[in-house]
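Asks: Take a look at structure-v7.cif, mmCIF, C-alpha atoms:
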```cif
data_protein
loop_
_atom_site.group_PDB
_atom_site.id
_atom_site.type_symbol
_atom_site.label_atom_id
_atom_site.label_comp_id
_atom_site.auth_asym_id
_atom_site.auth_seq_id
_atom_site.Cartn_x
_atom_site.Cartn_y
_atom_site.Cartn_z
ATOM 1 C CA MET A 3 3.037 -14.514 -10.572
ATOM 2 C CA ASN A 4 3.655 -17.910 -8.938
ATOM 3 C CA ASN A 5 1.209 -19.823 -6.733
ATOM 4 C CA HIS A 6 2.816 -18.740 -3.461
ATOM 5 C CA ALA A 7 2.736 -15.081 -4.477
ATOM 6 C CA ILE A 8 -0.935 -15.265 -5.452
ATOM 7 C CA ALA A 9 -1.881 -16.850 -2.139
ATOM 8 C CA SER A 10 0.143 -14.292 -0.188
ATOM 9 C CA ALA A 11 -1.395 -11.415 -2.116
ATOM 10 C CA PHE A 12 -4.888 -12.703 -1.411
ATOM 11 C CA ILE A 13 -4.334 -12.925 2.332
ATOM 12 C CA ALA A 14 -2.707 -9.494 2.435
ATOM 13 C CA LEU A 15 -5.567 -7.874 0.547
ATOM 14 C CA VAL A 16 -8.284 -9.364 2.744
ATOM 15 C CA MET A 17 -6.555 -8.896 6.074
ATOM 16 C CA SER A 18 -5.559 -5.292 5.397
ATOM 17 C CA THR A 19 -8.900 -3.940 4.215
ATOM 18 C CA ALA A 20 -11.412 -4.710 6.979
ATOM 19 C CA PRO A 21 -11.888 -6.009 10.527
ATOM 20 C CA ALA A 22 -12.019 -9.800 10.344
ATOM 21 C CA GLN A 23 -14.944 -10.126 12.736
ATOM 22 C CA ALA A 24 -17.205 -8.120 10.462
ATOM 23 C CA ILE A 25 -16.384 -9.601 7.097
ATOM 24 C CA GLU A 26 -15.570 -13.238 7.938
ATOM 25 C CA LEU A 27 -16.957 -15.263 10.834
ATOM 26 C CA ASN A 28 -14.805 -18.248 9.848
ATOM 27 C CA PRO A 29 -11.100 -17.271 9.775
ATOM 28 C CA PHE A 30 -10.177 -20.464 7.917
ATOM 29 C CA SER A 31 -12.116 -19.232 4.871
ATOM 30 C CA ILE A 32 -9.388 -16.654 4.231
ATOM 31 C CA ILE A 33 -6.738 -19.354 3.906
ATOM 32 C CA LYS A 34 -9.116 -21.553 1.915
ATOM 33 C CA GLY A 35 -9.696 -18.749 -0.573
ATOM 34 C CA ALA A 36 -5.994 -18.134 -0.973
ATOM 35 C CA VAL A 37 -5.256 -21.780 -1.675
ATOM 36 C CA GLU A 38 -8.095 -21.973 -4.194
ATOM 37 C CA ALA A 39 -6.847 -18.895 -6.009
ATOM 38 C CA ALA A 40 -3.394 -20.403 -6.251
ATOM 39 C CA VAL A 41 -4.394 -23.687 -7.872
ATOM 40 C CA GLU A 42 -7.477 -22.923 -9.958
ATOM 41 C CA ASP A 43 -7.589 -23.492 -13.679
ATOM 42 C CA ARG A 44 -7.978 -19.768 -14.396
ATOM 43 C CA SER A 45 -5.737 -17.040 -15.728
ATOM 44 C CA GLY A 46 -3.751 -14.907 -13.337
ATOM 45 C CA ASP A 47 -5.453 -11.820 -14.750
ATOM 46 C CA ASP A 48 -8.906 -13.222 -13.965
ATOM 47 C CA ILE A 49 -7.885 -14.081 -10.422
ATOM 48 C CA LYS A 50 -6.405 -10.603 -9.913
ATOM 49 C CA LYS A 51 -9.671 -9.011 -11.033
ATOM 50 C CA ASP A 52 -11.602 -11.080 -8.485
ATOM 51 C CA LEU A 53 -9.142 -10.249 -5.701
ATOM 52 C CA LYS A 54 -9.460 -6.553 -6.468
ATOM 53 C CA ILE A 55 -13.269 -6.704 -6.435
ATOM 54 C CA LYS A 56 -13.329 -8.608 -3.156
ATOM 55 C CA ALA A 57 -10.918 -6.185 -1.514
ATOM 56 C CA SER A 58 -12.972 -3.211 -2.720
ATOM 57 C CA ILE A 59 -16.249 -4.678 -1.446
ATOM 58 C CA THR A 60 -14.666 -5.572 1.864
ATOM 59 C CA ALA A 61 -13.291 -2.086 2.378
ATOM 60 C CA ASP A 62 -16.233 -0.079 1.024
ATOM 61 C CA VAL A 63 -19.054 -2.022 2.674
ATOM 62 C CA ILE A 64 -17.405 -2.183 6.089
ATOM 63 C CA ASP A 65 -16.347 1.461 6.025
ATOM 64 C CA GLU A 66 -19.881 2.562 5.210
ATOM 65 C CA MET A 67 -21.888 0.149 7.354
ATOM 66 C CA GLY A 68 -19.587 -0.101 10.352
ATOM 67 C CA THR A 69 -19.132 -3.186 12.507
ATOM 68 C CA ASP A 70 -22.681 -3.484 13.870
ATOM 69 C CA ILE A 71 -23.591 -6.054 11.217
ATOM 70 C CA ILE A 72 -23.584 -9.638 12.449
ATOM 71 C CA SER A 73 -21.597 -11.107 9.572
ATOM 72 C CA LEU A 74 -20.937 -10.494 5.907
ATOM 73 C CA ASN A 75 -19.145 -12.864 3.549
ATOM 74 C CA VAL A 76 -18.048 -11.942 0.042
ATOM 75 C CA ASP A 77 -17.185 -14.524 -2.609
ATOM 76 C CA VAL A 78 -16.134 -13.549 -6.123
ATOM 77 C CA TYR A 79 -15.714 -15.854 -9.117
ATOM 78 C CA GLU A 80 -15.094 -14.502 -12.615
ATOM 79 C CA GLN A 81 -16.338 -11.090 -11.465
ATOM 80 C CA VAL A 82 -19.656 -12.525 -10.251
ATOM 81 C CA VAL A 83 -20.288 -11.765 -6.570
ATOM 82 C CA MET A 84 -22.151 -13.775 -3.958
ATOM 83 C CA LEU A 85 -23.003 -12.027 -0.697
ATOM 84 C CA THR A 86 -23.900 -14.168 2.309
ATOM 85 C CA GLY A 87 -24.135 -13.559 6.026
ATOM 86 C CA VAL A 88 -26.541 -12.154 8.572
ATOM 87 C CA VAL A 89 -27.814 -8.656 9.346
ATOM 88 C CA GLU A 90 -30.430 -7.473 11.843
ATOM 89 C CA LYS A 91 -32.422 -5.173 9.556
ATOM 90 C CA ALA A 92 -33.710 -5.342 5.986
ATOM 91 C CA GLU A 93 -32.281 -1.862 5.457
ATOM 92 C CA GLN A 94 -28.775 -3.195 6.145
ATOM 93 C CA LYS A 95 -29.242 -5.929 3.564
ATOM 94 C CA LYS A 96 -30.323 -3.372 0.959
ATOM 95 C CA GLN A 97 -27.434 -1.095 1.875
ATOM 96 C CA ALA A 98 -24.873 -3.890 1.503
ATOM 97 C CA VAL A 99 -26.136 -4.703 -1.976
ATOM 98 C CA LYS A 100 -26.306 -1.040 -2.962
ATOM 99 C CA LEU A 101 -22.725 -0.445 -1.870
ATOM 100 C CA THR A 102 -21.559 -3.579 -3.652
ATOM 101 C CA ARG A 103 -23.123 -2.416 -6.915
ATOM 102 C CA LYS A 104 -20.885 0.664 -6.811
ATOM 103 C CA VAL A 105 -17.736 -1.451 -7.086
ATOM 104 C CA GLU A 106 -16.252 -1.390 -10.566
ATOM 105 C CA GLY A 107 -15.957 -4.542 -12.647
ATOM 106 C CA ILE A 108 -18.798 -6.623 -11.197
ATOM 107 C CA LYS A 109 -20.845 -8.586 -13.738
ATOM 108 C CA LYS A 110 -23.582 -9.921 -11.450
ATOM 109 C CA ILE A 111 -24.534 -10.021 -7.758
ATOM 110 C CA TYR A 112 -26.232 -12.865 -5.895
ATOM 111 C CA ASP A 113 -27.765 -11.443 -2.720
ATOM 112 C CA GLU A 114 -28.039 -14.277 -0.197
ATOM 113 C CA ILE A 115 -27.815 -12.160 2.968
ATOM 114 C CA SER A 116 -30.229 -13.242 5.715
ATOM 115 C CA VAL A 117 -32.094 -10.876 8.013
ATOM 116 C CA ILE A 118 -32.261 -12.167 11.599
ATOM 117 C CA LYS A 119 -33.565 -10.142 14.529
ATOM 118 C CA ALA A 120 -31.174 -9.395 17.361
ATOM 119 C CA ILE A 121 -33.116 -11.539 19.818
ATOM 120 C CA ASP A 122 -32.820 -14.550 17.509
ATOM 121 C CA LYS A 123 -29.154 -13.833 16.893
ATOM 122 C CA ASP A 124 -28.377 -13.785 20.607
ATOM 123 C CA LYS A 125 -30.168 -17.083 21.142
ATOM 124 C CA GLY A 126 -27.432 -19.546 20.366
ATOM 125 C CA ALA A 127 -25.143 -17.407 18.201
ATOM 126 C CA VAL A 128 -22.068 -19.360 19.294
ATOM 127 C CA GLU A 129 -23.729 -22.676 18.500
ATOM 128 C CA GLY A 130 -24.633 -21.416 15.041
ATOM 129 C CA PHE A 131 -21.034 -20.419 14.381
ATOM 130 C CA VAL A 132 -19.678 -23.799 15.445
ATOM 131 C CA ASP A 133 -22.252 -25.696 13.383
ATOM 132 C CA ASP A 134 -21.537 -23.695 10.245
ATOM 133 C CA THR A 135 -17.800 -24.112 10.671
ATOM 134 C CA VAL A 136 -18.202 -27.875 11.017
ATOM 135 C CA ILE A 137 -20.456 -28.020 7.957
ATOM 136 C CA GLU A 138 -18.033 -26.008 5.835
ATOM 137 C CA SER A 139 -15.139 -28.229 6.939
ATOM 138 C CA LYS A 140 -17.101 -31.360 6.051
ATOM 139 C CA ILE A 141 -17.976 -29.947 2.627
ATOM 140 C CA ASN A 142 -14.306 -29.260 2.004
ATOM 141 C CA ALA A 143 -13.224 -32.753 3.071
ATOM 142 C CA LEU A 144 -15.960 -34.641 1.215
ATOM 143 C CA LEU A 145 -15.625 -32.714 -2.035
ATOM 144 C CA LEU A 146 -11.866 -33.210 -1.934
ATOM 145 C CA ASP A 147 -12.356 -36.958 -1.527
ATOM 146 C CA ALA A 148 -15.034 -37.211 -4.189
ATOM 147 C CA GLY A 149 -13.875 -38.365 -7.585
ATOM 148 C CA GLY A 150 -15.055 -36.250 -10.469
ATOM 149 C CA VAL A 151 -15.409 -33.007 -8.522
ATOM 150 C CA ASN A 152 -12.907 -30.232 -9.249
ATOM 151 C CA VAL A 153 -13.134 -28.728 -5.783
ATOM 152 C CA THR A 154 -10.886 -25.727 -6.491
ATOM 153 C CA ASN A 155 -13.559 -24.207 -8.746
ATOM 154 C CA PHE A 156 -16.230 -24.363 -6.047
ATOM 155 C CA ARG A 157 -17.049 -21.984 -3.200
ATOM 156 C CA TRP A 158 -19.441 -22.640 -0.336
ATOM 157 C CA ARG A 159 -20.903 -20.861 2.658
ATOM 158 C CA SER A 160 -23.065 -22.223 5.459
ATOM 159 C CA VAL A 161 -25.356 -19.787 7.269
ATOM 160 C CA GLY A 162 -27.341 -21.470 10.011
ATOM 161 C CA GLY A 163 -27.166 -24.762 8.128
ATOM 162 C CA ARG A 164 -28.311 -23.225 4.861
ATOM 163 C CA VAL A 165 -25.525 -23.878 2.369
ATOM 164 C CA PHE A 166 -24.821 -21.703 -0.665
ATOM 165 C CA LEU A 167 -22.751 -23.246 -3.469
ATOM 166 C CA PHE A 168 -20.952 -20.909 -5.831
ATOM 167 C CA GLY A 169 -18.274 -21.002 -8.516
ATOM 168 C CA ARG A 170 -17.991 -23.230 -11.561
ATOM 169 C CA ALA A 171 -18.668 -26.835 -12.497
ATOM 170 C CA LEU A 172 -17.171 -28.323 -15.624
ATOM 171 C CA SER A 173 -20.314 -30.391 -16.303
ATOM 172 C CA LYS A 174 -23.850 -30.927 -15.074
ATOM 173 C CA PRO A 175 -22.998 -34.369 -13.630
ATOM 174 C CA GLU A 176 -20.150 -32.801 -11.651
ATOM 175 C CA LEU A 177 -22.513 -30.173 -10.252
ATOM 176 C CA ASN A 178 -25.180 -32.735 -9.399
ATOM 177 C CA LYS A 179 -22.601 -34.860 -7.594
ATOM 178 C CA ALA A 180 -21.382 -31.896 -5.544
ATOM 179 C CA ILE A 181 -24.932 -30.901 -4.604
ATOM 180 C CA GLY A 182 -25.758 -34.478 -3.616
ATOM 181 C CA ILE A 183 -22.705 -34.678 -1.366
ATOM 182 C CA VAL A 184 -23.545 -31.419 0.386
ATOM 183 C CA LYS A 185 -27.205 -32.386 0.883
ATOM 184 C CA GLY A 186 -26.081 -35.581 2.605
ATOM 185 C CA ILE A 187 -24.099 -33.765 5.310
ATOM 186 C CA LYS A 188 -25.643 -33.774 8.782
ATOM 187 C CA GLY A 189 -26.872 -30.316 9.755
ATOM 188 C CA VAL A 190 -27.434 -29.056 6.216
ATOM 189 C CA ALA A 191 -30.997 -27.762 5.976
ATOM 190 C CA THR A 192 -31.044 -26.464 2.397
ATOM 191 C CA VAL A 193 -28.673 -26.071 -0.540
ATOM 192 C CA THR A 194 -28.870 -23.038 -2.820
ATOM 193 C CA ASN A 195 -27.091 -23.517 -6.129
ATOM 194 C CA ARG A 196 -25.321 -20.488 -7.634
ATOM 195 C CA VAL A 197 -22.777 -22.503 -9.604
ATOM 196 C CA MET A 198 -22.276 -21.900 -13.328
ATOM 197 C CA VAL A 199 -21.710 -24.890 -15.593
ATOM 198 C CA ARG A 200 -19.041 -24.452 -18.246
ATOM 199 C CA PRO A 201 -16.647 -27.050 -19.686
ATOM 200 C CA LYS A 202 -12.926 -26.408 -20.073
ATOM 201 C CA GLY A 203 -11.860 -24.466 -23.112
#
```
Let me see the file written as structure tokens.
Replies:
Amino acid sequence: MNNHAIASAFIALVMSTAPAQAIELNPFSIIKGAVEAAVEDRSGDDIKKDLKIKASITADVIDEMGTDIISLNVDVYEQVVMLTGVVEKAEQKKQAVKLTRKVEGIKKIYDEISVIKAIDKDKGAVEGFVDDTVIESKINALLLDAGGVNVTNFRWRSVGGRVFLFGRALSKPELNKAIGIVKGIKGVATVTNRVMVRPKG
């Protein structure tokens, strides 16, 4: 499968399995994920496994929970899943994780879903969305410009200024550099590291 076909397959899988407003607050993350999948230093089989897991989580979680959740983001790298986003009740957070565990092929789950009461959500929800979008765009631009950071192996999510890094670093210095760059971005409150370190080969 060539790069264009992989990217197209990714977009088709995500867009056809769930309402965009429930699974992704930032529409650009869909395109970002497709581009990453197309250029990563990973086998096509590994990428296909991750795409299948993400599509299954997207479909199963949304179908079961409905669209009353505030946001839910799913990132998958080498069959490890990171869940981020915002729900109004602790029960919804538990349900999302429980449903995710039912999906076949998952090796590990990082539950980074935040619980925010409806009253807090309504107070400046639009501002929060804009801020997180700006932060994620800055992360993308700065990591791309940084020498020594293989950006295609990284994933990131910003939730109210709390950034979650995910994916793979080829060395500890590369990871430390990426974390340092993200911490220096205006608006970033905290950085949670869920990146594995593993050299090539």
Asks: Nearest to A:Ile64: which of A:Val82, A:Leu172, A:Leu145, A:Val76 is it, counting all atoms listed in the file?
Replies: A:Val76
Asks: Output the residue selection produced by the PyMOL selection byres ((chain A and resi 171) around 8) on the file above, formatted as a list of chain:residue names.
Replies: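 When the PyMOL selection byres ((chain A and resi 171) around 8) is applied to the shown file, the picked residues are A:Asn152, A:Asn155, A:Phe156, A:Gly169, A:Arg170, A:Leu172, A:Ser173, A:Lys174, A:Glu176, A:Leu177, A:Val197, A:Met198, A:Val199, A:Arg200, A:Pro201.
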Asks: Any chance you could work out the residue set of the PyMOL selection byres ((chain A and resi 161) around 9) here, as a list in words?
Replies: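 What the PyMOL selection byres ((chain A and resi 161) around 9) grabs from the file is Thr86, Gly87, Val88, Ser116, Gly130, Phe131, Asp134, Arg159, Ser160, Gly162, Gly163, Arg164, Val165 and Phe166 of chain A.
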Asks: Would you mind telling me which residue in A:Gly149, A:Pro175, A:Asp62, A:Ile137 lies nearest to A:Val193 when using only C-alpha atoms?
Replies: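 Under the stated criterion, the closest residue is A:Ile137.
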Asks: Hey, what's within 6 Å of A:Leu167 if we count only C-alpha atoms and toss same-chain stuff fewer than 5 positions away? As a PDB file with C-alpha atoms, in the coordinates of the input, please?
Replies:
```
ATOM      1  CA  ARG A 157     -17.049 -21.984  -3.200  1.00  0.00           C
ATOM      2  CA  TRP A 158     -19.441 -22.640  -0.336  1.00  0.00           C
ATOM      3  CA  ASN A 195     -27.091 -23.517  -6.129  1.00  0.00           C
ATOM      4  CA  ARG A 196     -25.321 -20.488  -7.634  1.00  0.00           C
TER       5      ARG A 196
END
```
Asks: Any idea what the distance is between atom CA of A:Glu114 and atom CA of A:Ile72?
Replies: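 Result for atom CA of A:Glu114 versus atom CA of A:Ile72: 14.2 Å, one decimal.
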Asks: Nearest residue to A:Lys91 out of A:Lys179, A:Lys56, A:Lys119, A:Lys188, using all atoms listed in the file?
Replies: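 The shortest atom-to-atom distance to A:Lys91 comes from A:Lys119.
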Asks: Take atom CA of A:Arg44 and atom CA of A:Lys110 and report the distance between them in Å, one decimal.
Replies: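 It comes out at 18.7 Å.
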Asks: Build an axis-aligned box that encloses every atom of stretch 80-83 of chain A listed in the file, pad it by 8 Å on each side, and report its centre and edge lengths in Å to one decimal, as JSON.
Replies:
```
{"center_x": -17.7, "center_y": -12.8, "center_z": -9.6, "size_x": 21.2, "size_y": 19.4, "size_z": 22.0}
```
Asks: At what distance in Å, to one decimal, does atom CA of A:Ala61 lie from atom CA of A:Gly46?
Replies: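 That distance, rounded to one decimal, is 22.4 Å.
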Asks: Evaluate the PyMOL selection byres ((chain A and resi 51) around 12) here and jot the selected residues down as a list in words.
Replies: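 Here the PyMOL selection byres ((chain A and resi 51) around 12) matches Phe12, Ala39, Arg44, Ser45, Gly46, Asp47, Asp48, Ile49, Lys50, Asp52, Leu53, Lys54, Ile55, Lys56, Ala57, Ser58, Val78, Tyr79, Glu80, Gln81, Val82, Val83, Val105, Glu106, Gly107, Ile108 and Lys109 of chain A.
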Asks: Once you count only C-alpha atoms, which residues end up no further than 9 Å from (-25.2, -8.6, 9.3) in the file's frame, shown as a ChimeraX atom specification?
Replies: /A:24,69-74,87-91,94-95,115-118
Asks: Can you write just those residues out, C-alpha atoms, as a compact mmCIF listing (two decimals), in the coordinates of the input?
Replies:
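Everything below was put into result29.txt:
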```txt
# COMPACT_ATOMS: atom_id res chain seq x y z
CA ALA A 24 -17.20 -8.12 10.46
CA THR A 69 -19.13 -3.19 12.51
CA ASP A 70 -22.68 -3.48 13.87
CA ILE A 71 -23.59 -6.05 11.22
CA ILE A 72 -23.58 -9.64 12.45
CA SER A 73 -21.60 -11.11 9.57
CA LEU A 74 -20.94 -10.49 5.91
CA GLY A 87 -24.14 -13.56 6.03
CA VAL A 88 -26.54 -12.15 8.57
CA VAL A 89 -27.81 -8.66 9.35
CA GLU A 90 -30.43 -7.47 11.84
CA LYS A 91 -32.42 -5.17 9.56
CA GLN A 94 -28.78 -3.20 6.14
CA LYS A 95 -29.24 -5.93 3.56
CA ILE A 115 -27.82 -12.16 2.97
CA SER A 116 -30.23 -13.24 5.72
CA VAL A 117 -32.09 -10.88 8.01
CA ILE A 118 -32.26 -12.17 11.60
```
Asks: Have a look at A:Ile181, A:Ile111, A:Met84, A:Met67 and name the one nearest to A:Ala98; count all atoms listed in the file.
Replies: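 Closest residue, counting all atoms listed in the file: A:Met67.
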